[in-house]
Structure formats: structure tokens, C-alpha cells
>>> print(open('my_file_12.cif').read())   # mmCIF, C-alpha atoms and all ligand atoms
data_input
loop_
_atom_site.label_atom_id
_atom_site.label_comp_id
_atom_site.auth_asym_id
_atom_site.auth_seq_id
_atom_site.Cartn_x
_atom_site.Cartn_y
_atom_site.Cartn_z
CA MET A 1 205.67 36.96 18.98
CA GLU A 2 209.10 38.36 18.05
CA PRO A 3 210.56 36.36 15.20
CA VAL A 4 213.73 34.39 15.94
CA LEU A 5 215.01 35.40 12.56
CA ARG A 6 214.14 38.57 10.71
CA VAL A 7 215.42 39.30 7.23
CA ARG A 8 214.87 42.48 5.21
CA ARG A 9 215.85 43.10 1.59
CA LEU A 10 218.65 40.58 1.81
CA ARG A 11 220.84 40.52 -1.26
CA LYS A 12 223.85 38.70 -2.62
CA HIS A 13 224.96 39.16 -6.21
CA TYR A 14 227.90 37.54 -7.96
CA GLY A 15 229.73 38.78 -11.04
CA ALA A 16 228.82 41.89 -12.99
CA GLY A 17 227.39 43.09 -16.30
CA GLY A 18 226.19 40.27 -18.52
CA GLY A 19 227.53 37.70 -16.05
CA LEU A 20 225.62 39.11 -13.08
CA VAL A 21 224.01 36.40 -10.98
CA ARG A 22 221.32 37.54 -8.54
CA ALA A 23 221.88 34.64 -6.16
CA VAL A 24 219.65 36.24 -3.51
CA ASP A 25 217.65 39.22 -4.64
CA ASP A 26 216.11 41.44 -1.96
CA VAL A 27 214.21 38.84 0.03
CA ASP A 28 212.21 39.41 3.22
CA LEU A 29 211.62 36.67 5.76
CA ASP A 30 210.42 36.19 9.33
CA VAL A 31 210.85 32.90 11.12
CA ALA A 32 208.78 32.52 14.27
CA PRO A 33 210.06 30.73 17.38
CA GLY A 34 209.46 27.03 17.01
CA GLU A 35 208.71 27.27 13.33
CA ALA A 36 210.07 24.69 10.90
CA LEU A 37 210.63 26.35 7.54
CA ALA A 38 211.66 24.56 4.37
CA VAL A 39 213.11 26.31 1.33
CA VAL A 40 212.94 24.53 -2.02
CA GLY A 41 213.70 25.49 -5.60
CA PRO A 42 215.70 24.44 -8.63
CA SER A 43 219.45 24.04 -8.48
CA GLY A 44 221.23 27.41 -8.53
CA CYS A 45 218.21 29.42 -7.34
CA GLY A 46 220.12 30.71 -4.31
CA LYS A 47 219.09 28.43 -1.45
CA SER A 48 222.57 27.78 -0.07
CA THR A 49 223.58 31.41 -0.51
CA LEU A 50 220.53 32.42 1.52
CA LEU A 51 221.20 29.87 4.25
CA HIS A 52 224.84 30.91 4.55
CA MET A 53 223.80 34.50 5.12
CA LEU A 54 221.17 33.46 7.68
CA GLY A 55 223.89 31.61 9.55
CA ALA A 56 226.51 34.39 9.35
CA LEU A 57 228.72 32.13 7.24
CA ASP A 58 228.62 34.65 4.45
CA ARG A 59 228.13 38.41 4.32
CA PRO A 60 225.29 39.93 2.32
CA ASP A 61 225.80 42.67 -0.29
CA GLY A 62 222.71 44.40 1.02
CA GLY A 63 219.90 44.07 3.51
CA ARG A 64 219.71 43.15 7.17
CA VAL A 65 219.45 40.01 9.26
CA TRP A 66 218.47 39.90 12.92
CA LEU A 67 218.84 36.77 15.00
CA GLY A 68 217.02 37.01 18.32
CA GLY A 69 216.86 40.78 17.88
CA GLU A 70 220.61 41.14 17.20
CA ARG A 71 221.99 42.34 13.84
CA ILE A 72 224.21 39.64 12.37
CA ASP A 73 224.78 40.83 8.80
CA ARG A 74 227.83 43.00 9.49
CA LEU A 75 229.76 40.98 12.04
CA SER A 76 233.54 40.64 11.99
CA GLU A 77 234.91 37.15 11.32
CA THR A 78 235.57 36.49 14.99
CA ALA A 79 232.21 37.83 16.14
CA ALA A 80 230.48 35.71 13.50
CA ALA A 81 232.38 32.61 14.60
CA ARG A 82 231.44 33.24 18.23
CA LEU A 83 227.79 33.78 17.29
CA ARG A 84 227.67 30.57 15.27
CA ARG A 85 229.06 28.51 18.13
CA ARG A 86 226.61 29.98 20.58
CA ALA A 87 223.38 30.47 18.71
CA ILE A 88 223.29 28.54 15.42
CA GLY A 89 223.50 24.85 14.58
CA PHE A 90 224.50 23.80 11.05
CA VAL A 91 223.86 20.57 9.21
CA PHE A 92 225.40 20.15 5.77
CA GLN A 93 224.76 17.74 2.93
CA ALA A 94 228.29 16.30 3.18
CA PHE A 95 228.09 15.88 6.99
CA HIS A 96 231.46 17.64 7.58
CA LEU A 97 232.45 15.40 10.46
CA VAL A 98 236.08 15.21 11.56
CA ASP A 99 237.24 11.82 10.27
CA GLU A 100 239.81 11.29 13.03
CA LEU A 101 237.33 11.80 15.87
CA THR A 102 234.71 9.36 17.11
CA ALA A 103 231.01 10.17 16.89
CA ARG A 104 231.00 11.28 20.52
CA GLU A 105 234.13 13.42 20.10
CA ASN A 106 232.63 15.06 17.03
CA VAL A 107 229.52 16.00 19.01
CA GLU A 108 231.57 17.21 21.99
CA LEU A 109 233.85 19.42 19.94
CA PRO A 110 231.61 22.52 19.50
CA ALA A 111 230.69 22.37 23.20
CA LEU A 112 234.36 22.35 24.18
CA LEU A 113 235.10 25.20 21.76
CA ALA A 114 232.28 27.16 23.34
CA GLY A 115 233.89 26.75 26.74
CA ALA A 116 231.96 23.83 28.25
CA SER A 117 233.86 21.65 30.73
CA PRO A 118 234.92 18.25 29.36
CA ARG A 119 232.48 16.58 31.74
CA ALA A 120 229.55 18.75 30.67
CA ALA A 121 230.46 18.31 26.98
CA ARG A 122 230.62 14.56 27.39
CA ARG A 123 227.31 14.42 29.20
CA ARG A 124 225.56 16.50 26.56
CA ALA A 125 227.10 14.50 23.71
CA ALA A 126 225.97 11.25 25.27
CA ALA A 127 222.43 12.54 25.73
CA LEU A 128 222.23 13.81 22.16
CA LEU A 129 223.63 10.64 20.61
CA ASP A 130 221.01 8.77 22.56
CA ARG A 131 218.47 11.28 21.30
CA VAL A 132 219.34 10.57 17.64
CA GLY A 133 219.35 6.82 18.26
CA LEU A 134 223.11 6.29 18.15
CA ALA A 135 224.06 5.66 21.78
CA ASP A 136 225.63 2.36 20.79
CA ARG A 137 227.73 3.94 18.03
CA ALA A 138 229.29 6.70 20.13
CA GLY A 139 232.80 5.22 19.92
CA HIS A 140 232.78 4.68 16.16
CA LEU A 141 234.75 6.79 13.70
CA PRO A 142 232.65 8.37 10.91
CA ALA A 143 234.14 5.89 8.42
CA ALA A 144 232.50 3.08 10.37
CA LEU A 145 229.06 4.69 10.19
CA SER A 146 226.47 4.64 7.42
CA GLY A 147 225.51 7.86 5.67
CA GLY A 148 222.30 8.19 7.62
CA GLN A 149 224.13 7.57 10.90
CA ARG A 150 226.77 10.17 10.02
CA GLN A 151 224.08 12.70 9.31
CA ARG A 152 222.41 11.96 12.63
CA VAL A 153 225.77 12.52 14.35
CA ALA A 154 225.97 15.83 12.48
CA VAL A 155 222.52 16.78 13.77
CA ALA A 156 223.55 15.88 17.32
CA ARG A 157 226.66 18.02 16.92
CA ALA A 158 224.58 20.92 15.61
CA LEU A 159 222.41 20.72 18.75
CA VAL A 160 225.15 20.39 21.35
CA ASN A 161 225.23 24.08 22.28
CA ASP A 162 221.44 24.19 22.31
CA PRO A 163 221.21 26.79 19.55
CA GLY A 164 218.10 28.90 19.08
CA LEU A 165 218.25 28.20 15.36
CA LEU A 166 219.09 25.06 13.43
CA LEU A 167 220.03 25.46 9.76
CA ALA A 168 220.33 22.51 7.39
CA ASP A 169 221.44 22.47 3.75
CA GLU A 170 220.28 19.34 1.90
CA PRO A 171 220.49 17.11 4.96
CA THR A 172 219.34 14.10 2.94
CA GLY A 173 221.15 15.02 -0.27
CA ASN A 174 223.74 12.24 0.01
CA LEU A 175 221.46 9.58 1.44
CA ASP A 176 219.45 6.72 0.01
CA THR A 177 215.72 6.45 0.71
CA ALA A 178 215.99 4.44 3.93
CA ALA A 179 218.71 6.62 5.45
CA ALA A 180 216.84 9.74 4.35
CA GLY A 181 213.83 8.29 6.16
CA ASP A 182 215.82 8.17 9.43
CA VAL A 183 216.87 11.79 9.04
CA LEU A 184 213.31 12.73 8.13
CA ARG A 185 212.01 11.15 11.34
CA LEU A 186 214.59 13.06 13.30
CA PHE A 187 213.60 16.38 11.73
CA ALA A 188 209.92 15.66 12.27
CA GLU A 189 210.72 15.06 15.96
CA LEU A 190 212.77 18.25 16.22
CA ARG A 191 209.86 20.12 14.70
CA ALA A 192 207.45 18.55 17.17
CA GLU A 193 209.81 19.57 20.00
CA GLY A 194 209.47 23.16 18.87
CA ARG A 195 212.99 23.67 17.54
CA THR A 196 213.30 26.60 15.16
CA LEU A 197 214.49 25.07 11.90
CA VAL A 198 215.33 26.33 8.43
CA VAL A 199 215.98 23.50 6.00
CA VAL A 200 217.03 23.87 2.39
CA THR A 201 216.18 20.76 0.44
CA HIS A 202 215.37 19.06 -2.85
CA ASP A 203 213.66 16.32 -0.89
CA ALA A 204 209.88 16.70 -0.99
CA ARG A 205 209.54 14.57 2.13
CA ILE A 206 211.69 16.90 4.21
CA ALA A 207 209.85 19.86 2.69
CA ALA A 208 206.47 18.37 3.57
CA ALA A 209 207.58 17.81 7.18
CA ALA A 210 207.89 21.58 7.69
CA ASP A 211 205.29 24.05 8.97
CA ARG A 212 205.84 26.33 6.02
CA LEU A 213 207.46 25.95 2.64
CA ILE A 214 208.99 28.68 0.52
CA THR A 215 209.81 28.17 -3.13
CA MET A 216 212.73 30.13 -4.57
CA ARG A 217 213.49 30.89 -8.18
CA ASP A 218 216.32 33.07 -9.47
CA GLY A 219 217.11 34.46 -6.05
CA ALA A 220 213.55 35.43 -5.14
CA PHE A 221 210.71 33.86 -3.16
CA VAL A 222 207.99 32.98 -5.65
CA ASP A 223 205.60 30.80 -3.70
CA GLN A 224 204.64 29.86 -0.17
CA THR A 225 202.70 26.94 1.28
CA VAL A 226 201.59 26.74 4.89
CA PHE A 227 200.81 23.22 6.03
CA ALA A 228 197.82 22.65 8.23
CA PRO A 229 198.89 21.46 11.68
CA SER A 230 196.95 18.25 11.33
CA GLY A 231 195.60 16.40 8.36
CA LEU A 232 194.78 12.78 7.71
CA VAL A 233 195.37 11.91 11.34
CA MET B 1 189.93 16.81 -24.68
CA GLN B 2 187.29 19.51 -25.18
CA ASP B 3 189.20 21.89 -22.94
CA VAL B 4 192.51 21.21 -24.63
CA LEU B 5 191.09 21.92 -28.08
CA LEU B 6 189.34 25.04 -26.86
CA ALA B 7 192.57 26.36 -25.38
CA LEU B 8 194.50 25.68 -28.58
CA LEU B 9 191.82 27.52 -30.53
CA ALA B 10 191.90 30.43 -28.13
CA LYS B 11 195.38 31.24 -29.41
CA GLU B 12 194.29 31.39 -33.04
CA PRO B 13 191.46 29.95 -35.10
CA ALA B 14 192.43 26.69 -36.74
CA HIS B 15 190.99 23.78 -38.61
CA GLY B 16 190.75 20.23 -37.40
CA TYR B 17 193.76 19.03 -39.30
CA ASP B 18 196.03 21.64 -37.68
CA LEU B 19 194.75 20.84 -34.25
CA ARG B 20 195.35 17.16 -34.73
CA ALA B 21 198.89 17.82 -35.94
CA ARG B 22 199.62 20.02 -32.95
CA LEU B 23 198.31 17.46 -30.49
CA ARG B 24 200.31 14.75 -32.22
CA ALA B 25 203.47 16.85 -32.00
CA ALA B 26 202.87 17.59 -28.31
CA LEU B 27 202.11 14.00 -27.37
CA GLY B 28 204.80 12.25 -29.40
CA PRO B 29 204.49 8.46 -29.18
CA LEU B 30 201.53 8.79 -26.81
CA GLY B 31 199.67 10.64 -29.56
CA GLY B 32 199.43 7.37 -31.46
CA ASP B 33 196.32 6.62 -29.44
CA LEU B 34 194.69 9.77 -30.71
CA ASN B 35 192.34 8.56 -33.38
CA ASP B 36 191.70 10.74 -36.39
CA GLY B 37 188.00 11.06 -35.84
CA GLN B 38 188.34 12.11 -32.19
CA VAL B 39 189.38 15.69 -32.91
CA TYR B 40 186.54 16.19 -35.41
CA VAL B 41 183.94 14.63 -33.15
CA THR B 42 185.06 16.83 -30.27
CA LEU B 43 184.98 19.94 -32.43
CA ARG B 44 181.45 19.16 -33.55
CA ARG B 45 180.39 18.69 -29.91
CA LEU B 46 181.95 22.00 -28.97
CA GLU B 47 180.11 23.66 -31.83
CA LYS B 48 176.80 22.17 -30.75
CA ALA B 49 177.39 23.36 -27.20
CA GLY B 50 177.95 26.89 -28.47
CA LEU B 51 181.56 26.95 -27.34
CA VAL B 52 183.08 27.33 -30.81
CA THR B 53 181.85 28.70 -34.08
CA ALA B 54 182.92 27.39 -37.44
CA ARG B 55 183.19 29.16 -40.75
CA LEU B 56 184.14 27.85 -44.14
CA VAL B 57 187.32 29.19 -45.65
CA GLY B 58 188.05 28.73 -49.31
CA GLN B 59 191.49 27.55 -50.33
CA GLY B 60 191.63 28.09 -54.06
CA ASP B 61 191.32 24.90 -56.05
CA ARG B 62 190.96 22.60 -53.02
CA PRO B 63 187.67 22.09 -51.16
CA ASP B 64 186.71 24.64 -48.49
CA ARG B 65 187.79 23.90 -44.93
CA LYS B 66 186.08 24.63 -41.65
CA VAL B 67 187.98 27.00 -39.39
CA TYR B 68 187.01 26.95 -35.72
CA GLU B 69 187.09 29.79 -33.24
CA PRO B 70 185.99 29.88 -29.59
CA THR B 71 182.89 31.88 -28.63
CA PRO B 72 182.96 34.13 -25.53
CA ALA B 73 181.42 31.23 -23.59
CA GLY B 74 184.19 29.00 -24.93
CA ARG B 75 186.88 31.44 -23.82
CA GLU B 76 185.34 31.66 -20.39
CA ARG B 77 185.37 27.92 -20.06
CA VAL B 78 189.05 27.74 -21.04
CA ALA B 79 189.96 30.36 -18.47
CA ARG B 80 188.12 28.41 -15.80
CA TRP B 81 189.76 25.14 -16.77
CA LEU B 82 193.24 26.66 -16.68
CA ALA B 83 192.65 28.21 -13.27
CA ASP B 84 191.25 25.01 -11.84
CA VAL B 85 193.62 22.90 -9.73
CA ASP B 86 192.82 19.22 -9.92
CA PRO B 87 191.29 18.42 -6.52
CA ALA B 88 192.33 14.79 -6.90
CA ALA B 89 195.83 16.16 -6.22
CA ARG B 90 197.25 13.44 -8.45
CA PRO B 91 196.09 14.26 -11.97
CA ALA B 92 196.96 11.83 -14.72
CA PRO B 93 200.27 13.06 -16.18
CA THR B 94 198.87 13.34 -19.70
CA ASP B 95 195.94 15.49 -18.57
CA LEU B 96 198.15 17.90 -16.69
CA TYR B 97 200.72 17.91 -19.46
CA LEU B 98 198.10 18.83 -22.07
CA LYS B 99 196.84 21.57 -19.81
CA LEU B 100 200.37 22.99 -19.58
CA VAL B 101 200.84 22.74 -23.34
CA ALA B 102 197.49 24.45 -23.87
CA ALA B 103 198.30 27.18 -21.35
CA ALA B 104 201.67 27.87 -22.95
CA SER B 105 200.43 27.90 -26.53
CA SER B 106 197.30 29.94 -25.82
CA ARG B 107 199.23 32.31 -23.51
CA LEU B 108 196.10 32.44 -21.38
CA ALA B 109 197.96 31.24 -18.29
CA ASP B 110 201.56 30.73 -17.20
CA PRO B 111 202.28 26.99 -17.13
CA VAL B 112 204.70 27.55 -14.24
CA ASP B 113 201.87 29.05 -12.15
CA ILE B 114 199.73 26.01 -12.89
CA VAL B 115 202.59 23.75 -11.84
CA ASP B 116 203.04 25.75 -8.62
CA ALA B 117 199.34 25.48 -7.76
CA GLN B 118 199.39 21.76 -8.40
CA ARG B 119 202.58 21.39 -6.38
CA ARG B 120 200.95 23.08 -3.40
CA GLU B 121 198.13 20.51 -3.51
CA LEU B 122 200.54 17.60 -3.79
CA LEU B 123 202.72 18.90 -0.98
CA ARG B 124 199.71 19.28 1.31
CA ARG B 125 198.74 15.75 0.51
CA LEU B 126 202.30 14.53 1.07
CA ALA B 127 202.45 16.37 4.39
CA ASP B 128 199.22 14.65 5.53
CA VAL B 129 200.23 11.18 4.40
CA GLN B 130 203.71 11.54 5.80
CA ARG B 131 202.45 12.72 9.17
CA ALA B 132 200.23 9.66 9.27
CA ALA B 133 203.18 7.46 8.26
CA LEU B 134 205.46 8.92 10.93
CA ALA B 135 202.78 8.32 13.55
CA GLU B 136 202.88 4.59 12.83
CA PRO B 137 205.65 2.54 14.43
CA ALA B 138 208.56 2.12 11.98
CA GLY B 139 208.40 -1.24 10.28
CA SER B 140 204.67 -1.77 10.81
CA GLY B 141 202.32 -2.81 8.02
CA PRO B 142 200.39 0.46 7.91
CA ALA B 143 203.69 2.38 7.81
CA LEU B 144 204.70 0.32 4.77
CA LEU B 145 201.40 0.98 3.07
CA LEU B 146 201.65 4.71 3.68
CA GLU B 147 205.25 4.62 2.46
CA GLY B 148 203.89 3.55 -0.93
CA ALA B 149 201.63 6.59 -1.05
CA VAL B 150 204.51 8.83 0.01
CA LEU B 151 206.83 7.49 -2.70
CA ARG B 152 204.22 7.94 -5.43
CA LEU B 153 203.55 11.52 -4.36
CA GLN B 154 207.28 12.14 -4.32
CA ALA B 155 207.56 10.87 -7.90
CA ASP B 156 204.70 13.16 -8.95
CA LEU B 157 206.43 16.12 -7.31
CA ARG B 158 209.67 15.36 -9.11
CA TRP B 159 207.84 15.36 -12.38
CA LEU B 160 206.26 18.71 -11.52
CA ASP B 161 209.76 20.07 -10.89
CA ALA B 162 210.75 18.84 -14.35
CA CYS B 163 207.66 20.52 -15.84
CA ALA B 164 208.46 23.80 -14.07
CA ALA B 165 212.06 23.66 -15.33
CA HIS B 166 210.90 22.92 -18.89
CA TRP B 167 208.54 25.87 -19.08
CA THR B 168 210.86 28.19 -17.15
CA ASP B 169 213.61 27.60 -19.71
CA ARG B 170 211.24 28.33 -22.57
CA LYS B 171 210.29 31.67 -21.10
CA LYS B 172 213.90 32.85 -21.08
N1 LIG C 301 231.17 32.05 -4.83
C1 LIG C 301 230.38 32.23 -5.91
N2 LIG C 301 230.82 32.91 -6.98
C2 LIG C 301 230.03 33.11 -8.06
N3 LIG C 301 228.79 32.64 -8.18
C3 LIG C 301 228.29 31.94 -7.16
C4 LIG C 301 229.06 31.70 -5.97
N4 LIG C 301 228.29 30.97 -5.11
C5 LIG C 301 227.13 30.78 -5.73
N5 LIG C 301 227.11 31.35 -6.96
C6 LIG C 301 225.99 31.36 -7.90
O1 LIG C 301 224.85 31.84 -7.23
C7 LIG C 301 223.70 31.10 -7.60
C8 LIG C 301 223.04 30.49 -6.39
O2 LIG C 301 223.89 29.48 -5.87
P1 LIG C 301 223.45 28.56 -4.65
O3 LIG C 301 224.60 27.68 -4.31
O4 LIG C 301 222.92 29.42 -3.57
O5 LIG C 301 222.27 27.72 -5.30
P2 LIG C 301 221.40 26.53 -4.65
O6 LIG C 301 219.99 26.93 -4.76
O7 LIG C 301 221.93 26.19 -3.31
O8 LIG C 301 221.67 25.34 -5.67
P3 LIG C 301 221.78 23.75 -5.38
O9 LIG C 301 220.38 23.28 -5.21
O10 LIG C 301 222.42 23.22 -6.63
O11 LIG C 301 222.62 23.56 -4.15
C9 LIG C 301 224.16 30.09 -8.64
O12 LIG C 301 223.90 30.60 -9.91
C10 LIG C 301 225.64 29.98 -8.38
O13 LIG C 301 226.32 29.65 -9.56
MG MG C 302 222.85 24.50 -2.49
#
>>> encode(input="my_file_12.cif", output="C-alpha cells", more="lines below")
Ligand SMILES: Nc1ncnc2c1ncn2[C@@H]1O[C@H](COP(=O)(O)OP(=O)(O)OP(=O)(O)O)[C@@H](O)[C@H]1O
Ligand SMILES: [Mg+2]
Amino acid sequence: MEPVLRVRRLRKHYGAGGGLVRAVDDVDLDVAPGEALAVVGPSGCGKSTLLHMLGALDRPDGGRVWLGGERIDRLSETAAARLRRRAIGFVFQAFHLVDELTARENVELPALLAGASPRAARRRAAALLDRVGLADRAGHLPAALSGGQRQRVAVARALVNDPGLLLADEPTGNLDTAAAGDVLRLFAELRAEGRTLVVVTHDARIAAAADRLITMRDGAFVDQTVFAPSGLV
Amino acid sequence: MQDVLLALLAKEPAHGYDLRARLRAALGPLGGDLNDGQVYVTLRRLEKAGLVTARLVGQGDRPDRKVYEPTPAGRERVARWLADVDPAARPAPTDLYLKLVAAASSRLADPVDIVDAQRRELLRRLADVQRAALAEPAGSGPALLLEGAVLRLQADLRWLDACAAHWTDRKK
């Protein structure tokens, strides 16, 4: 099957000379449709840099990235923004919700920006908030939600335009164990639904909920684990 | 213990006193449990099993000391031990730690590779247990029980990360 995401010799370096940092150093990657991939590694190994390039948030210094067969490594700012709205969902460690908007409005926003009618946006937001178990919190501002609830709103928002690829950077990084457990359940469900996911994480539980795990060190992939589809159960 | 001593000897021949001092230094306060006779008894067992040879080395006015060196069979056994991932998936920290120390000091294996292999086992185990936990209704007794297993595996994995960081820094 054609990979959703195809990466060849992707590179991002910062600085020069003695201060050169090989944040991402010529990595190759294929992500299959419906695959849940986790990327782990010590702090500073290049995980976020990689994810930003996969999501056209940042431009590589070298190499190529195809999303659904389309080159995305050399897009203009506007083309990249349009692509992200249409085809990529992002979840960040710090949630990045708009404080002045309710949970439902936050989820609706990317749909409206992508040209959905207010009615369609509202319907999709309601369905997704229900999906992440927050139907009864739809009218709350982020400040009135717990960390785990905010992150679930962020996941709903990332899904509102039904992207082919969901990217998450430390989705449980700011959460305590119980809240991280809620987000973990949600990711396990998204995986079971066949969403294509790339998650960067320090959290072994999130990593172990993936189909495949890549370990990064100093900008390179150094290890890979493929989890058997079933196990104890 | 036999494997650890063999690996330390694979780096360079040494006498019992040196080995004991090196183990003490590696184990810190935990090395207090290491009794003096243990190293010598283990060395004698290794010698009997044909895994090390001993020769007497004179040291001037003081009595001669026995210097131990692994035999080819001994070296083979060390290599096997270093390559072996604990199938229990949760090795006792001290055992794994001593293996990493032995690998690093003997230069027969990269401690970071050993950590990676062990991490793969733990992650597989975590994936299995977690899948079982997620299949139970949240808040049920079995889910709580499995949560305990998940949290312990998570703690082990964190420690492996710390081990990897420790030996990565030393390589630089
Ligand atoms: N804008 C930048 N300018 C210079 N160096 C940068 C920049 N962004 C990242 N780096 C460096 O690139 C390397 C990789 O950073 P990155 O944020 O991708 O790491 P990470 O794996 O996500 O770490 P963490 O787990 O702490 O989030 C680091 O050494 C970092 O200091
Ligand atoms: Mg990061």
C-alpha cells in the first residue's frame, strides 16, 4: 500500500562549525495508512523538529516529504497553511487552545477556517466532543477544564477537518497520571479506528500504544520496535 | 556474579583484590553486602570450571599474588551473557546494572545497545499489559490490578532511559 507519509533523507541542522546541531540528520521514514507510529528519544534528539517538518510547520534543509503522494517540503507559507488545515491535525503538549473561546468554538474554528458552513462546523464539533467524552463540557472555556479535558478538546479540534494524518507532540507532557490515562485511552481508540498517527512522546504508555516505535538519538533513528497486534489478550 | 567477574577480567587480567575494589566502587553503598570471601570463592569456581586460569605473580618483598585471566571458553561465555536479553523482561536493577558496568569496562559490548535490547522487551511487555488494561472497563478491579503492572514497567523504562543517558554521555 502507498504510504500516507514518505520521508527521504530529511535534514535540519542548526548553527554552524563547532556549534552545529544535527537536529534531524538524513532520516528515512514511511508511515502506512492506519499506522500508529510513536517516536521516542532523549530530550533534544530532534523529535519536535522532525514532527514540525512532517506537518509542514517547518522547512527542511534537505530531503523530501510526501503526504498522500504530494511533495510538502518546499511549500510557500500560504500553501503550507492551506495544507495543514485540510490534511493534517496537530496536538501539542501545551494544548494551544484559544482561551477566549469555549471548547465547542475551539473545535469549530479550524472547520470554519477551512470553509465549512457554521452549521456543518457546529455539527462536527458536537460529534467530536461527544467522541472524546466531553459533550457536557462543550460550553466551558479552557480555563474551566482540567488538563486532560483540554487535551481532549485539542484532539477533537485536530480531527475536525478529518485529516489523513494526526501529529502529536508530547500530548501527555503536561498531564498527571490520571489525565494522561484519559488521553492514552483516546489515542488507543484512534489507533483502533485506523487513524494514521505520529506521536512524539516521553511517555512509555503512549509509546506502547503504537503499532511501531522508533527511537531517535542525535537526530537519527537508532532503533525500531514493532508491536505484535495482540498479546496477553 | 560469575559473569560479572569474567567480564571484568576480559578487559585485563587482575587479582581478586582489584576485582573486589572495582565492584565496590561500582556498587557504592549496595556493595556493602558484597562479602570479602565471595569474590575469591567465585574466582576459584571459575577456575575449576575452566573459565579462568590463574598464575602467580611475584611482587618483590610481599607474598606472590594470583592473577586471573579468562580462558577462550570464559570469553565465549562472557560474550553470550552480554548478548543475552533477560527473558523475564524485568531484570533486577542490580543485575542489569552490573552487566552494563561489565560491558562498558570490558568494551566487549556497548551498554547502550544492551539497554536498547532490554527496552524493546519491556516495551513489548508494556504494550501487552496495557492492551489488556484498556480492554477492561475503566475503574474495574482487573483494570486497577493491571495498572499496577503498567506503572512498574513504566518505572523500569524510565530507569533504562537514565542508564542510556549515563552511558551515552560517557561515550562522548
Ligand atoms: N530554532 C532553533 N535554533 C537552534 N537550535 C534549535 C532550534 N530548534 C531546535 N534546536 C536544537 O535542535 C535539537 C533538537 O531539538 P528538538 O526540539 O527537536 O528536540 P526534542 O527531541 O523535541 O526534545 P524535547 O524532548 O526536549 O522536546 C536540540 O539540540 C535543540 O537545541
Ligand atoms: Mg520536543
>>> residues_near_ligand(input="my_file_12.cif", ligand="ligand MG 302 (chain C)", cutoff="7 Å", atoms="all atoms listed in the file", output="PyMOL selection string")
chain A and resi 43-44+47-48+169
>>> interface_residues(input="my_file_12.cif", of="chain B", to="chain A", cutoff="7 Å", atoms="all atoms listed in the file", output="list in words")
Arg120, Leu123, Arg124, Leu126, Ala127, Asp128, Val129, Ala132, Leu134 and Gln154 of chain B
>>> residues_around(input="my_file_12.cif", residues="Arg82 in chain A", least_positions_apart="4", cutoff="12 Å", atoms="all atoms listed in the file", output="list of chain:residue names")
A:Gly55, A:Ala56, A:Leu57, A:Ile72, A:Leu75, A:Ser76, A:Glu77, A:Thr78, A:Arg86, A:Ala87, A:Ile88, A:Pro110, A:Ala111, A:Leu113, A:Ala114, A:Gly115, A:Asn161
>>> residues_near_ligand(input="my_file_12.cif", ligand="ligand LIG 301 (chain C)", cutoff="9 Å", atoms="all atoms listed in the file", output="ChimeraX atom specification")
/A:12-15,20-24,40-52,169-170,200-202,216-219
>>> atom_distance(input="my_file_12.cif", atom1="CA of Ala49 in chain B", atom2="CA of Thr71 in chain B")
10.2 Å
>>> atom_distance(input="my_file_12.cif", atom1="CA of Leu153 in chain B", atom2="CA of Ala165 in chain B")
18.4 Å
>>> closest_residue(input="my_file_12.cif", among="B:Ala164, B:Ala21, B:Gln2, B:Arg44", to="Asp113 in chain B", atoms="all atoms listed in the file")
B:Ala164
>>> residues_near_point(input="my_file_12.cif", point="(220.2, 43.3, -0.1)", cutoff="6 Å", atoms="only C-alpha atoms", output="ChimeraX atom specification")
/A:9-11,26,61-63
>>> residues_around(input="my_file_12.cif", residues="Arg65 in chain B", least_positions_apart="3", cutoff="9 Å", atoms="only C-alpha atoms", output="VMD selection string")
chain B and resid 15 to 16 55 to 59 62
>>> atom_distance(input="my_file_12.cif", atom1="CA of Trp159 in chain B", atom2="CA of Leu96 in chain B")
10.9 Å
>>> residues_around(input="my_file_12.cif", residues="range 24-28 of chain B", least_positions_apart="3", cutoff="10 Å", atoms="all atoms listed in the file", output="PyMOL selection string")
chain B and resi 18-21+31-34+94+97-98+101-102
>>> residues_around(input="my_file_12.cif", residues="range 51-53 of chain B", least_positions_apart="4", cutoff="8 Å", atoms="all atoms listed in the file", output="JSON, numbers by chain")
{"B": [6, 43, 46, 47, 68, 69, 70, 71, 72, 73, 74, 75]}
>>> write_last_selection(input="my_file_12.cif", atoms="C-alpha atoms", output="short mmCIF file (atom, residue, chain, number, x, y, z; two decimals), in the frame of the given file")
data_model
loop_
_atom_site.label_atom_id
_atom_site.label_comp_id
_atom_site.auth_asym_id
_atom_site.auth_seq_id
_atom_site.Cartn_x
_atom_site.Cartn_y
_atom_site.Cartn_z
CA LEU B 6 189.34 25.04 -26.86
CA LEU B 43 184.98 19.94 -32.43
CA LEU B 46 181.95 22.00 -28.97
CA GLU B 47 180.11 23.66 -31.83
CA TYR B 68 187.01 26.95 -35.72
CA GLU B 69 187.09 29.79 -33.24
CA PRO B 70 185.99 29.88 -29.59
CA THR B 71 182.89 31.88 -28.63
CA PRO B 72 182.96 34.13 -25.53
CA ALA B 73 181.42 31.23 -23.59
CA GLY B 74 184.19 29.00 -24.93
CA ARG B 75 186.88 31.44 -23.82
#
>>> build_atoms(input="my_file_12.cif", residues="range 140-148 of chain A", atoms="N, CA, C and O atoms", output="compact mmCIF listing (two decimals), in the coordinates of the input")
# COMPACT_ATOMS: atom_id res chain seq x y z
N HIS A 140 232.38 4.98 17.54
CA HIS A 140 232.78 4.68 16.16
C HIS A 140 233.32 5.91 15.47
O HIS A 140 232.85 7.03 15.69
N LEU A 141 234.30 5.71 14.58
CA LEU A 141 234.75 6.79 13.70
C LEU A 141 233.71 6.96 12.59
O LEU A 141 233.01 6.00 12.25
N PRO A 142 233.63 8.16 12.00
CA PRO A 142 232.65 8.37 10.91
C PRO A 142 232.75 7.31 9.81
O PRO A 142 231.72 6.88 9.28
N ALA A 143 233.97 6.87 9.50
CA ALA A 143 234.14 5.89 8.42
C ALA A 143 233.40 4.59 8.71
O ALA A 143 233.06 3.85 7.79
N ALA A 144 233.18 4.32 10.00
CA ALA A 144 232.50 3.08 10.37
C ALA A 144 231.00 3.27 10.52
O ALA A 144 230.31 2.39 11.02
N LEU A 145 230.49 4.42 10.09
CA LEU A 145 229.06 4.69 10.19
C LEU A 145 228.45 4.79 8.80
O LEU A 145 229.12 5.19 7.85
N SER A 146 227.17 4.46 8.70
CA SER A 146 226.47 4.64 7.42
C SER A 146 226.20 6.12 7.19
O SER A 146 226.34 6.94 8.12
N GLY A 147 225.80 6.46 5.98
CA GLY A 147 225.51 7.86 5.67
C GLY A 147 224.45 8.45 6.57
O GLY A 147 224.59 9.55 7.10
N GLY A 148 223.39 7.70 6.78
CA GLY A 148 222.30 8.19 7.62
C GLY A 148 222.76 8.38 9.06
O GLY A 148 222.37 9.35 9.73
